[in-house]
Each structure stands twice: as C-alpha cells, then as structure tokens.
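This report refers to the structure that appears directly beneath it.
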Amino acid sequence: MTEKTRLRFAPSPTGPLHIGGLRTALFNYLYAKKTNGELVLRIEDTDLARKVDKSQEHIEQSLAWAGINFDESSSKGGQSGPYNQSERREIYKGYVEKLIETGWAYYAFDKKEKLDFHRADHEKRGKKFIYNAHNRLKLDNSLSMSDEEIKKRIDKERFVIRFKTPDQQEVGFKDIIRGEMVVSTRDIDDKILLKSDGMPTYHLANVVDDYKMGITHVIRGEEWLPSLALHVLLYRAFGWNEPIFAHLPLILKPTGKGKLSKRDGHKFGFPVYAKNWKDEKIYAGFDESGFLPEALVNYMAFLGWSPKDDKEIYSMNELISDFSLEKINKGGAKFDPAKLLWINSQHIQALDLMELVKICSNKNQEIPKEKLHDFIRLIQPRMDSVVGLKNKFYYLFDAPEINEEACQKMINDEIKKSINSFIVMLKEKETNDSSEIKSLIQDSAEKNSAKLGKVMAFCRLSIVGKMEGPDVSQMMAFIGFEETVCRLKKALS
Ligand code: GLU
C-alpha cells in the first residue's frame, strides 16, 4: 500500500491573504483531493515582530470563501496539532537540542553590531558575508569553547542557535517542477534555527512541522526555492526522509514585468485579496468586487498550470480531476484581470437563476427585493460581476438622459408613426408581457411600413439612452408599460 498523501498550506499571519497565497493553497488543495489525501492548515506565527492583528482571521475567511477546505487546522482540530506554530515552542526546543547533541548545531553569541560590521565590510569589497565553515571558528560561538564556558555564557547572555552547515559539500535534491538541482554548501549560511527570544526561525519550525505532521508533498511559492538546500540539509541532519517538493512559479504584474505585489492592486485598479482588508484604508477583495469564488478558483488554476486541452471553464471538481503537478510551468504567470473578468462572466452565466438571485440579493441591497428576480433574469447574459448592478443597469430603474442627436438621426416619418401607434396600442392593452409587447411593436411597424429593425433601434435608444442592453421588449416589460410610454414620448419630442 502506498502512503497517504498529506499536504499543507502554511501561511504567516503578517497581513491579508493575497492571490499568491491563495493560489498556493488552491494547488495544495487540488493535489490533496486528486490523490485522496489530506490537507492541513498550519499558521506560521513565530515571527512576533511581523505578526498582524486579524490576519489569521482574514486568511481563514478567505480560504473558506474560495471553497478551499482543510481536514486539519486550529479551528477544526486534528491529530497533529497544535496548528499554530507559536503553540509548539517546546517541540522545536527539543529538536534543536538534538541537533546540538549530534553536532549539527551550535550556540552563537555574536553581537549584532559585530555582524553588521562584517556585512558592511564585505559589501564594501563587493563580497557577501557568509557565516559558515570558512570563518565560524573566528566568530563568537560555542564551537571553540569548553562545555563549562558554554554553560556559563548561555546562563547570562543572549544567544542564538545556528545550523552547522557541512563544509564543502555538493547538496543534490529535486523539485518536481524544476528537476534536479545541486547547491554547494560553500554558499549556504549557518542559518539561525532558534532566535534569542526562544522562538524558532521559519526554517527550523517549517522542517520540524512538515516532518511531525507527516507531510508528503510541499507545494509552495518560488520565493522559497533558495531555502530548499538548507531544508534538505536539515532533513538529512535529523535523519528524516524529505518530502516531495514543488515550487510554484511567480505571479507577475499584468505588464508581465516583475512580481505582482500587494500594492499593484491599487495601482492597476483590481483586487489582489480574496476578501476586503481594512487597515487605514480599505483594500478591495475579489468577493466584494463581484467575483464568484468558483471563477477566481478557475482563473487561479491557470496561474502556473495548464491543462491538456484548451478547455478554459472549470468547476472545482473538474480541476481536481484534471490537475497534475507535472503540468505546472516553471515560468512566471502573468496576472490578467481581463481574463479573470471573462471567466467570471462565464461562471455567472452558467449559474442557476435562483442561485444567482440569492447571491445578488445580499450584494445589491439597493435593488428592491420584489424586482430582483426579474431583473437578474433579464441581465444574467450580460453580467460579468455580481455587484454594482443597479449602477451598471441604471436605465432599468431610472429614465436615462435622452440622446437628442442620436434620436434625431434615427427618426423618420415611418418610425414616428410606428412609435405613436405602438404607444396607443400599449396604453390600450396595458400589458407587461414581453411577447405581447413584441408583437405590438411588430404590428405597428408593419402597419406604417417601417423597418422593424429601425423601430426596435429607436425603442432601444428611448429606453436605454444608448445602443446597448438586453432585449427591447423584455426591458419594456420590466420597466412597465407606463414608464415605457413615458420614455418613448420623451424621445419622440
Ligand atoms: N510561512 C511561509 C509563507 O508564508 C510558508 C512557506 C512554506 O510553505 O514553506 O510563505
């Protein structure tokens, strides 16, 4: 029997969850589901200085909104908890002590000023200061001290614990997306594992937890690729098997140049967060901007992954069934807001009417409840967002400004007569039935030898104020015969 796959999404609560993090979560989810595995949500909150209030809440709400569900998390519980790293300090301490015992780690007492000096001095000479085998014996650490001296110093001084990177080794490892890689330990720092506040660093906590939580596949952003050699060394130092790694490509700005940053949303005028984020300002989320979660999920799947054929509209279940890690590209994926909007429109149009009405009802409070159903039925084929509907289709509620010039250009005697006779018939019939309205327009055009297309166009201009919008007779039925008559008369005059 092969072992069950276990994946994790491990965000740091340093702010709102943005599309990059959400995409990482999605790929983990898709792969976990695809392989009938399990997905863990682990909060990497050991960096107290960078921890942001309400961030964990935002992360959890965003994931739930997107339909990315976890088998284990701090709110759901599970056998590998606690799931917040800040509650696992003792675990990391135990493991770092093991590394000290086996000679894979050591205490370091170097003062910040001293290290800053070395860094600046190297920089001046066009070099990079690396703390490892080539110089560690000249620095202030336990490697050249007696046990007694070490004990004395750790009792009264601030210290960190560093990893003892092996000297002059070529570390080989593999990433599913990028293939085999080799890194020389000459270029790897003796990274800090335990900080002076007793908290583990990301590297230690991440590796220990992936091991303790039985994680089989680590799928995460490309920005962690430079840490991979160190992580692999840590696994080997502990004597543990490494999980399978897959580092996802960067998400690029719409211009294709550079990584999509949190600030780009504001700059280019589109959301980068799943849900609104408030600090001094409100940063719009995809949810509040009218995107359906299934559309965002569909779009995000294409940020790095490409399916076998050219199918573009996917449900979550279809994504699960077609997804594969081998089909993820190495190259950066350009974020294309126009494509996302198109995918959103496709998902909106595929929705069951009742469901769409339900979604729009909460998000469009300004539309009278009794009108909502007919309104949505009318505009569904034209919707690309589920918010701001009254604004976009204002002419279905309030008379538009009449475009005099366009009216004058369009009108002739036959059209004038047709519209007038339509008005008479409509007043007589008092109907709000679109097919009845349609035949009245047809009759009036025919009787007055006007071209039906031209009469319809004039009606559209009268109702909408411009040449767009849903079917003319359906719009008339929606605004009602009295309002229709009013707008037609106004346009005629
Ligand atoms: N806490 C890291 C982050 O927020 C996790 C990286 C990883 O998945 O290993 O990006």
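By order of appearance in the structure tokens: chains A, B, ..., then residues from 1 within every chain, and ligands from 1 in the order shown.
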9 Å from ligand 1 is the threshold here; counting only C-alpha atoms and all ligand atoms, which polymer residues fall inside it? Answer as a count of residues only.
24
Please return as JSON, numbers by chain: the residues of range 90-303 of chain A that backbone DSSP assigns to alpha helix (DSSP H).
{"A": [90, 91, 92, 93, 94, 95, 96, 97, 98, 99, 100, 101, 112, 113, 114, 115, 116, 117, 118, 119, 120, 121, 122, 123, 124, 147, 148, 149, 150, 151, 152, 153, 154, 155, 156, 202, 203, 204, 205, 206, 207, 208, 209, 210, 211, 212, 228, 229, 230, 231, 232, 233, 234, 235, 236, 237, 238, 264, 265, 266, 267, 268, 293, 294, 295, 296, 297, 298, 299, 300, 301]}
Can you tell me, as an MDAnalysis selection string, what residues are no more than 12 Å from Ala25 in chain A when counting only C-alpha atoms, ignoring any on the same chain fewer than 2 positions away?
chainID A and resid 7:11 17:23 27:32 39:42 59:60 62:64 66:70 218:221 248 297 300:301
Nearest to Thr165 in chain A: which of A:Ala237, A:Leu225, A:Val472, A:Val272 is it, counting only C-alpha atoms?
A:Ala237
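Nearest-residue note for Lys257 in chain A: choosing from A:Phe335, A:Pro243, A:His217, A:Lys447, the minimum distance belongs to A:Phe335, counting only C-alpha atoms.
Closest to Glu222 in chain A among A:Lys259, A:Arg236, A:Arg487, A:Arg89 is A:Lys259, based on only C-alpha atoms.
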